Amino acid sequence: MSVKLRFNNYEIDATPGLSLFEHAESLGIYVPTSCRKQGKCRECLVEVTEGMEFLSGRTSQEEHLHDNFRLSCRSNVAADIGTVRCHTMRRGEMRIERHAFHLPVDHQSMKIDPCVTRNGDCILLDGEEIDRSSGPIHGLALDLGTTTIVLRLLNLETGKVVADSSFENPQRFGGSDVMSRIHYDTEHTDRVLQRTLAGYLTHAIEAFPVDPKSIYEMVVVGNSTMRDIFFRLNVYSIGQNPYQSITELEMKEGKRTSTGLTASPQRLALPLHPKARVYGLPIISGHVGADAAACMLAVDIANEERTVAIMDIGTNTELILGNKHKILAASCPAGPAFEGGKISCGMPGLPGAIEKVTMNADGSFSCQVIGDVPPEGICGSGLVDALSELLGSQRMNSLGRFENGEQQIELTSDGDRRIHIDERDINELAQAKGANVAGLHIVFNRYGIRFENLDVFYLAGGFGRHLSVSAAKRIGLIPNIDDTKILQVGNAAIEGACVALLSRTKRIELENLVKRVVHCRLESHPDFFNYFVEGCQFNPVESLYTTENLRR
Ligand code: FES
């Protein structure tokens, strides 16, 4: 008789009375900590996915945690029999998009002019001496995603990447989407989200093979909420109509000239050189953030004659369209379906997720699973594939209904684990898709261009990178344009952060550019609902632009 403890990918018989942290130590699992199990640093987070009832009760040090989240040093195994499943927030196996592809700018070969320079042994920031050292000078680029964090260390004299790191955003205990984080941060005025993330970043920075005091600047990108929480700003206004960051409000009041942010490492609790600067890229609006601005740098839209679109599909899909002469931007409230949320067998792009699906001649399915493990669920790209196959074989119609009276469609079954799709799942994806399609029509119509006249369609982000373009076109998730115009670029935001870190010229260019971007508000557009309803159908998305649309 014992409690079976499945911790990350290990399984042992647990010892009653010992904490989850102590079990992790015995298994060799790394748990972030700065207080050595004293219950003070709040870094030793675990998500308990099964068997919470077999653990000791929540302690006063865990009052800030809800749902399945616990501090591992405060959670003891408190039963003789049962099963507990938990995992740390830093699962090394999580598939995080760390790289970018097919971009017109390669920061490793561009002409660099960083804000941190050297004159002999003098290290200068914007021309002001901040240190004396003959050693290398470094900078950090940070992409703060709602779900994942990517950090890159660069040598500021050569422009080369020295090291990088990525991990799951530990702020997930404050909710999995932007709106929940805003709510959490507003309710908890002790900045626990920021402090927890700063602890994780500190461990990542200290693990790099350089002295953290040789890091003299850090450039931060991320959606407006993640960026503002990181800079310890109040994010309440981003969650209220008209959804604006406090930096936008202050700009309107003439209190600042840019939505860009700067702070000292001390204020943000980061172990960089004490005179280093942390710079947050400007945002375009409350829901088109510094990550979208960074993507504009990565594709060099400021110098682009061709007309290009950048679409980062996610819970909140960001869309940018234009060139050096005119740029429009919008955010589409797609919801969590693309990341597996609200889907009956849905899960994020972790090992065990079905990421590709093809239908066999006999109507059964072949599934490709991330990692060398049995399937546990289906992620967004797998779902898009599956729906494309069902549509192509006419087992599903364009309204997302099964044609043969089936209630569920089983993709695979392995022992007691059946992975299936039902019409409610299809409806969730249809609505997520509908919001994106409405955004595409409104932005392209207002710009005055048909989809097929676009020169390049950049699909940014992890979901866009792993998507099958033909499946996405067939079900009407992306415009039905020539494949040669669609580039799946991966993490363009971290690339843009590197460009801003290495080039003062590009940074100034971006500061000026974001002020020229016209933000299209979808929610108040008279045709939004019609486009949304049409976009919920599973048909290829064709342009609706005519000169009539231009007047709207
Ligand atoms: S180790 Fe610091 S709170 Fe648990």
# chains A, B, ... in the order shown; residues from 1 in each chain; ligands from 1
$ closest_atom_pairs --of "chain A" --to "ligand 1" --cutoff "8 Å" --atoms "only C-alpha atoms and all ligand atoms" --output "Markdown table"
| residue | atom | partner | partner_atom_place_in_ligand_line | distance |
| --- | --- | --- | --- | --- |
| A:Phe21 | CA | ligand 1 | 4 (Fe) | 7.7 |
| A:Val31 | CA | ligand 1 | 1 (S) | 7.9 |
| A:Pro32 | CA | ligand 1 | 1 (S) | 7.1 |
| A:Thr33 | CA | ligand 1 | 1 (S) | 4.5 |
| A:Ser34 | CA | ligand 1 | 2 (Fe) | 5.7 |
| A:Cys35 | CA | ligand 1 | 2 (Fe) | 4.4 |
| A:Arg36 | CA | ligand 1 | 1 (S) | 4.9 |
| A:Lys37 | CA | ligand 1 | 1 (S) | 3.6 |
| A:Gln38 | CA | ligand 1 | 2 (Fe) | 5.4 |
| A:Gly39 | CA | ligand 1 | 3 (S) | 3.4 |
| A:Lys40 | CA | ligand 1 | 3 (S) | 4.5 |
| A:Cys41 | CA | ligand 1 | 2 (Fe) | 3.9 |
| A:Arg42 | CA | ligand 1 | 3 (S) | 3.8 |
| A:Glu43 | CA | ligand 1 | 2 (Fe) | 5.4 |
| A:Cys44 | CA | ligand 1 | 4 (Fe) | 4.6 |
| A:Leu45 | CA | ligand 1 | 4 (Fe) | 7.4 |
| A:Gln61 | CA | ligand 1 | 3 (S) | 7.7 |
| A:Leu71 | CA | ligand 1 | 4 (Fe) | 5.5 |
| A:Ser72 | CA | ligand 1 | 4 (Fe) | 6.0 |
| A:Cys73 | CA | ligand 1 | 4 (Fe) | 4.4 |
| A:Arg74 | CA | ligand 1 | 4 (Fe) | 6.6 |
$ closest_atom_pairs --of "segment 449-473 of chain A" --to "segment 330-345 of chain A" --cutoff "12 Å" --atoms "only C-alpha atoms" --output "CSV"
residue,atom,partner,partner_atom,distance
A:Gly461,CA,A:Glu339,CA,11.8
A:Gly462,CA,A:Glu339,CA,10.0
A:Phe463,CA,A:Phe338,CA,7.5
A:Gly464,CA,A:Phe338,CA,10.0
A:His466,CA,A:Phe338,CA,11.6
A:Leu467,CA,A:Phe338,CA,10.4
A:Ala472,CA,A:Phe338,CA,11.8
$ write_last_selection --atoms "N, CA, C and O atoms" --output "PDB file, in the first residue's frame"
ATOM      1  N   GLY A 461       4.853  32.786 -34.696  1.00  0.00           N
ATOM      2  CA  GLY A 461       4.488  32.079 -33.463  1.00  0.00           C
ATOM      3  C   GLY A 461       4.553  30.572 -33.601  1.00  0.00           C
ATOM      4  O   GLY A 461       4.647  30.032 -34.711  1.00  0.00           O
ATOM      5  N   GLY A 462       4.489  29.898 -32.457  1.00  0.00           N
ATOM      6  CA  GLY A 462       4.639  28.434 -32.420  1.00  0.00           C
ATOM      7  C   GLY A 462       3.520  27.712 -33.139  1.00  0.00           C
ATOM      8  O   GLY A 462       3.761  26.758 -33.878  1.00  0.00           O
ATOM      9  N   PHE A 463       2.281  28.144 -32.946  1.00  0.00           N
ATOM     10  CA  PHE A 463       1.156  27.473 -33.603  1.00  0.00           C
ATOM     11  C   PHE A 463       1.275  27.622 -35.124  1.00  0.00           C
ATOM     12  O   PHE A 463       1.134  26.645 -35.877  1.00  0.00           O
ATOM     13  N   GLY A 464       1.556  28.833 -35.571  1.00  0.00           N
ATOM     14  CA  GLY A 464       1.707  29.090 -37.011  1.00  0.00           C
ATOM     15  C   GLY A 464       2.833  28.301 -37.630  1.00  0.00           C
ATOM     16  O   GLY A 464       2.768  27.882 -38.784  1.00  0.00           O
ATOM     17  N   HIS A 466       3.864  25.253 -36.780  1.00  0.00           N
ATOM     18  CA  HIS A 466       3.604  23.815 -36.892  1.00  0.00           C
ATOM     19  C   HIS A 466       2.314  23.475 -37.631  1.00  0.00           C
ATOM     20  O   HIS A 466       1.952  22.315 -37.757  1.00  0.00           O
ATOM     21  N   LEU A 467       1.653  24.494 -38.105  1.00  0.00           N
ATOM     22  CA  LEU A 467       0.390  24.308 -38.807  1.00  0.00           C
ATOM     23  C   LEU A 467       0.624  23.750 -40.212  1.00  0.00           C
ATOM     24  O   LEU A 467       1.592  24.122 -40.872  1.00  0.00           O
ATOM     25  N   ALA A 472      -4.932  24.361 -43.107  1.00  0.00           N
ATOM     26  CA  ALA A 472      -5.432  25.659 -42.606  1.00  0.00           C
ATOM     27  C   ALA A 472      -6.189  26.398 -43.708  1.00  0.00           C
ATOM     28  O   ALA A 472      -7.191  27.074 -43.438  1.00  0.00           O
TER      29      ALA A 472
END
$ closest_residue --among "A:Thr202, A:Thr148, A:Asn512, A:Ser524" --to "Leu281 of chain A" --atoms "only C-alpha atoms"
A:Asn512
$ residues_around --residues "segment 403-412 of chain A" --least-positions-apart "3" --cutoff "8 Å" --atoms "only C-alpha atoms" --output "ChimeraX atom specification"
/A:364-367,394-397,418-423
$ write_last_selection --atoms "C-alpha atoms" --output "PDB file, in the first residue's frame"
ATOM      1  CA  SER A 364      -9.248   5.269 -39.669  1.00  0.00           C
ATOM      2  CA  PHE A 365      -6.617   7.837 -38.735  1.00  0.00           C
ATOM      3  CA  SER A 366      -2.828   7.924 -38.541  1.00  0.00           C
ATOM      4  CA  CYS A 367      -1.632  10.313 -35.858  1.00  0.00           C
ATOM      5  CA  GLN A 394     -17.173  14.807 -46.494  1.00  0.00           C
ATOM      6  CA  ARG A 395     -17.617  13.158 -43.087  1.00  0.00           C
ATOM      7  CA  MET A 396     -18.044  16.721 -41.832  1.00  0.00           C
ATOM      8  CA  ASN A 397     -19.899  19.462 -43.695  1.00  0.00           C
ATOM      9  CA  ARG A 418      -9.388   7.450 -26.297  1.00  0.00           C
ATOM     10  CA  ILE A 419      -8.684  10.606 -28.259  1.00  0.00           C
ATOM     11  CA  HIS A 420     -11.795  11.797 -29.997  1.00  0.00           C
ATOM     12  CA  ILE A 421     -13.448  14.857 -31.489  1.00  0.00           C
ATOM     13  CA  ASP A 422     -17.094  15.831 -31.117  1.00  0.00           C
ATOM     14  CA  GLU A 423     -19.227  18.616 -32.580  1.00  0.00           C
TER      15      GLU A 423
END
$ residues_around --residues "Glu129 of chain A" --least-positions-apart "5" --cutoff "12 Å" --atoms "only C-alpha atoms" --output "short mmCIF file (atom, residue, chain, number, x, y, z; two decimals) with N, CA and C atoms, in the first residue's frame"
data_model
loop_
_atom_site.label_atom_id
_atom_site.label_comp_id
_atom_site.auth_asym_id
_atom_site.auth_seq_id
_atom_site.Cartn_x
_atom_site.Cartn_y
_atom_site.Cartn_z
N CYS A 115 23.23 50.20 -27.96
CA CYS A 115 23.28 51.36 -27.05
C CYS A 115 24.43 51.22 -26.06
N VAL A 116 24.88 49.97 -25.84
CA VAL A 116 26.02 49.74 -24.94
C VAL A 116 27.27 49.61 -25.82
N THR A 117 28.27 50.44 -25.53
CA THR A 117 29.48 50.43 -26.35
C THR A 117 30.71 50.42 -25.43
N ARG A 118 31.86 50.31 -26.05
CA ARG A 118 33.11 50.28 -25.28
C ARG A 118 34.07 51.34 -25.82
N ASN A 119 34.76 51.98 -24.88
CA ASN A 119 35.88 52.85 -25.27
C ASN A 119 37.05 52.44 -24.40
N GLY A 120 37.92 51.56 -24.94
CA GLY A 120 38.97 50.97 -24.10
C GLY A 120 38.32 50.11 -23.03
N ASP A 121 38.62 50.42 -21.76
CA ASP A 121 38.00 49.66 -20.66
C ASP A 121 36.68 50.27 -20.21
N CYS A 122 36.36 51.44 -20.77
CA CYS A 122 35.11 52.10 -20.35
C CYS A 122 33.91 51.47 -21.05
N ILE A 123 32.89 51.08 -20.27
CA ILE A 123 31.64 50.57 -20.85
C ILE A 123 30.64 51.72 -20.78
N LEU A 124 30.06 52.04 -21.93
CA LEU A 124 29.17 53.21 -22.02
C LEU A 124 27.75 52.76 -22.37
N TYR A 216 24.58 44.39 -19.62
CA TYR A 216 24.38 45.82 -19.42
C TYR A 216 23.05 46.33 -19.99
N LYS A 275 24.01 49.10 -13.08
CA LYS A 275 23.69 50.29 -13.89
C LYS A 275 23.12 49.90 -15.26
N ALA A 276 22.76 48.64 -15.41
CA ALA A 276 22.17 48.19 -16.68
C ALA A 276 20.79 48.81 -16.84
#
$ residues_around --residues "Glu157 of chain A" --least-positions-apart "6" --cutoff "9 Å" --atoms "only C-alpha atoms" --output "count of residues only"
10
$ closest_residue --among "A:Gly254, A:Asn234, A:Lys324, A:Pro265" --to "Pro212 of chain A" --atoms "only C-alpha atoms"
A:Pro265
$ decode --residues "segment 261-355 of chain A" --atoms "C-alpha atoms" --output "PDB file, in the first residue's frame"
ATOM      1  CA  LEU A 261       9.385  51.546 -20.931  1.00  0.00           C
ATOM      2  CA  THR A 262      12.667  51.591 -19.052  1.00  0.00           C
ATOM      3  CA  ALA A 263      13.537  50.398 -15.553  1.00  0.00           C
ATOM      4  CA  SER A 264      16.570  49.503 -13.491  1.00  0.00           C
ATOM      5  CA  PRO A 265      17.428  45.857 -12.763  1.00  0.00           C
ATOM      6  CA  GLN A 266      17.038  46.566  -9.033  1.00  0.00           C
ATOM      7  CA  ARG A 267      13.423  47.637  -9.477  1.00  0.00           C
ATOM      8  CA  LEU A 268      12.665  44.446 -11.397  1.00  0.00           C
ATOM      9  CA  ALA A 269      14.763  42.231  -9.072  1.00  0.00           C
ATOM     10  CA  LEU A 270      17.107  41.021 -11.816  1.00  0.00           C
ATOM     11  CA  PRO A 271      20.779  40.158 -11.235  1.00  0.00           C
ATOM     12  CA  LEU A 272      22.220  42.268 -14.090  1.00  0.00           C
ATOM     13  CA  HIS A 273      24.903  44.938 -13.789  1.00  0.00           C
ATOM     14  CA  PRO A 274      23.482  47.495 -11.309  1.00  0.00           C
ATOM     15  CA  LYS A 275      23.687  50.290 -13.891  1.00  0.00           C
ATOM     16  CA  ALA A 276      22.172  48.192 -16.680  1.00  0.00           C
ATOM     17  CA  ARG A 277      18.951  49.267 -18.352  1.00  0.00           C
ATOM     18  CA  VAL A 278      15.854  47.169 -18.957  1.00  0.00           C
ATOM     19  CA  TYR A 279      13.955  48.463 -21.968  1.00  0.00           C
ATOM     20  CA  GLY A 280      10.445  47.378 -22.948  1.00  0.00           C
ATOM     21  CA  LEU A 281       9.604  47.853 -26.611  1.00  0.00           C
ATOM     22  CA  PRO A 282       6.660  50.172 -27.328  1.00  0.00           C
ATOM     23  CA  ILE A 283       3.213  48.711 -27.854  1.00  0.00           C
ATOM     24  CA  ILE A 284       0.690  49.396 -30.601  1.00  0.00           C
ATOM     25  CA  SER A 285      -2.416  49.086 -28.404  1.00  0.00           C
ATOM     26  CA  GLY A 286      -3.692  47.294 -25.310  1.00  0.00           C
ATOM     27  CA  HIS A 287      -4.117  44.075 -27.287  1.00  0.00           C
ATOM     28  CA  VAL A 288      -1.484  44.564 -29.991  1.00  0.00           C
ATOM     29  CA  GLY A 289       1.609  44.560 -27.866  1.00  0.00           C
ATOM     30  CA  ALA A 290       5.378  44.859 -27.890  1.00  0.00           C
ATOM     31  CA  ASP A 291       5.612  41.324 -29.325  1.00  0.00           C
ATOM     32  CA  ALA A 292       3.732  42.480 -32.428  1.00  0.00           C
ATOM     33  CA  ALA A 293       5.972  45.566 -32.571  1.00  0.00           C
ATOM     34  CA  ALA A 294       8.998  43.247 -32.410  1.00  0.00           C
ATOM     35  CA  CYS A 295       7.600  41.196 -35.306  1.00  0.00           C
ATOM     36  CA  MET A 296       7.446  44.397 -37.361  1.00  0.00           C
ATOM     37  CA  LEU A 297      11.173  44.877 -36.704  1.00  0.00           C
ATOM     38  CA  ALA A 298      11.903  41.254 -37.566  1.00  0.00           C
ATOM     39  CA  VAL A 299      10.249  41.516 -40.985  1.00  0.00           C
ATOM     40  CA  ASP A 300      11.645  45.032 -41.515  1.00  0.00           C
ATOM     41  CA  ILE A 301       8.246  46.433 -42.419  1.00  0.00           C
ATOM     42  CA  ALA A 302       9.579  50.001 -41.968  1.00  0.00           C
ATOM     43  CA  ASN A 303      11.651  49.560 -45.131  1.00  0.00           C
ATOM     44  CA  GLU A 304       9.318  47.247 -47.013  1.00  0.00           C
ATOM     45  CA  GLU A 305       7.906  48.333 -50.369  1.00  0.00           C
ATOM     46  CA  ARG A 306       5.912  45.134 -50.829  1.00  0.00           C
ATOM     47  CA  THR A 307       2.631  44.702 -48.973  1.00  0.00           C
ATOM     48  CA  VAL A 308       3.029  42.109 -46.227  1.00  0.00           C
ATOM     49  CA  ALA A 309       0.841  40.688 -43.473  1.00  0.00           C
ATOM     50  CA  ILE A 310       2.014  39.209 -40.166  1.00  0.00           C
ATOM     51  CA  MET A 311      -0.394  36.963 -38.300  1.00  0.00           C
ATOM     52  CA  ASP A 312       0.417  35.414 -34.928  1.00  0.00           C
ATOM     53  CA  ILE A 313      -2.417  32.987 -34.239  1.00  0.00           C
ATOM     54  CA  GLY A 314      -3.179  32.315 -30.591  1.00  0.00           C
ATOM     55  CA  THR A 315      -5.623  33.055 -27.795  1.00  0.00           C
ATOM     56  CA  ASN A 316      -5.420  36.615 -28.988  1.00  0.00           C
ATOM     57  CA  THR A 317      -4.457  36.629 -32.653  1.00  0.00           C
ATOM     58  CA  GLU A 318      -2.483  39.673 -33.720  1.00  0.00           C
ATOM     59  CA  LEU A 319      -2.662  40.855 -37.304  1.00  0.00           C
ATOM     60  CA  ILE A 320      -0.513  43.504 -38.982  1.00  0.00           C
ATOM     61  CA  LEU A 321      -0.822  44.539 -42.618  1.00  0.00           C
ATOM     62  CA  GLY A 322       1.095  47.063 -44.663  1.00  0.00           C
ATOM     63  CA  ASN A 323       4.462  48.344 -45.765  1.00  0.00           C
ATOM     64  CA  LYS A 324       6.695  51.379 -45.229  1.00  0.00           C
ATOM     65  CA  HIS A 325       3.896  53.695 -46.362  1.00  0.00           C
ATOM     66  CA  LYS A 326       0.898  52.521 -44.354  1.00  0.00           C
ATOM     67  CA  ILE A 327       0.313  49.923 -41.619  1.00  0.00           C
ATOM     68  CA  LEU A 328      -2.881  48.651 -40.001  1.00  0.00           C
ATOM     69  CA  ALA A 329      -3.085  46.374 -36.951  1.00  0.00           C
ATOM     70  CA  ALA A 330      -5.827  44.490 -35.150  1.00  0.00           C
ATOM     71  CA  SER A 331      -6.254  41.908 -32.442  1.00  0.00           C
ATOM     72  CA  CYS A 332      -8.739  39.088 -32.870  1.00  0.00           C
ATOM     73  CA  PRO A 333     -10.214  37.547 -29.667  1.00  0.00           C
ATOM     74  CA  ALA A 334      -9.897  33.920 -30.762  1.00  0.00           C
ATOM     75  CA  GLY A 335      -9.967  32.221 -27.347  1.00  0.00           C
ATOM     76  CA  PRO A 336      -7.968  29.167 -26.232  1.00  0.00           C
ATOM     77  CA  ALA A 337      -9.044  26.514 -28.821  1.00  0.00           C
ATOM     78  CA  PHE A 338      -5.853  26.846 -30.897  1.00  0.00           C
ATOM     79  CA  GLU A 339      -3.869  25.950 -27.768  1.00  0.00           C
ATOM     80  CA  GLY A 340      -6.102  22.991 -26.962  1.00  0.00           C
ATOM     81  CA  GLY A 341      -8.267  24.913 -24.466  1.00  0.00           C
ATOM     82  CA  LYS A 342     -11.990  24.029 -24.193  1.00  0.00           C
ATOM     83  CA  ILE A 343     -11.449  21.021 -26.495  1.00  0.00           C
ATOM     84  CA  SER A 344     -12.557  17.724 -24.883  1.00  0.00           C
ATOM     85  CA  CYS A 345      -9.238  15.930 -25.549  1.00  0.00           C
ATOM     86  CA  GLY A 346      -7.279  19.156 -26.110  1.00  0.00           C
ATOM     87  CA  MET A 347      -3.837  19.893 -24.710  1.00  0.00           C
ATOM     88  CA  PRO A 348      -0.947  22.295 -25.460  1.00  0.00           C
ATOM     89  CA  GLY A 349       1.939  21.296 -27.740  1.00  0.00           C
ATOM     90  CA  LEU A 350       3.590  19.043 -25.147  1.00  0.00           C
ATOM     91  CA  PRO A 351       4.848  15.472 -25.492  1.00  0.00           C
ATOM     92  CA  GLY A 352       1.818  13.242 -25.908  1.00  0.00           C
ATOM     93  CA  ALA A 353      -0.074  15.736 -28.057  1.00  0.00           C
ATOM     94  CA  ILE A 354      -1.260  14.595 -31.480  1.00  0.00           C
ATOM     95  CA  GLU A 355       0.146  17.253 -33.791  1.00  0.00           C
TER      96      GLU A 355
END
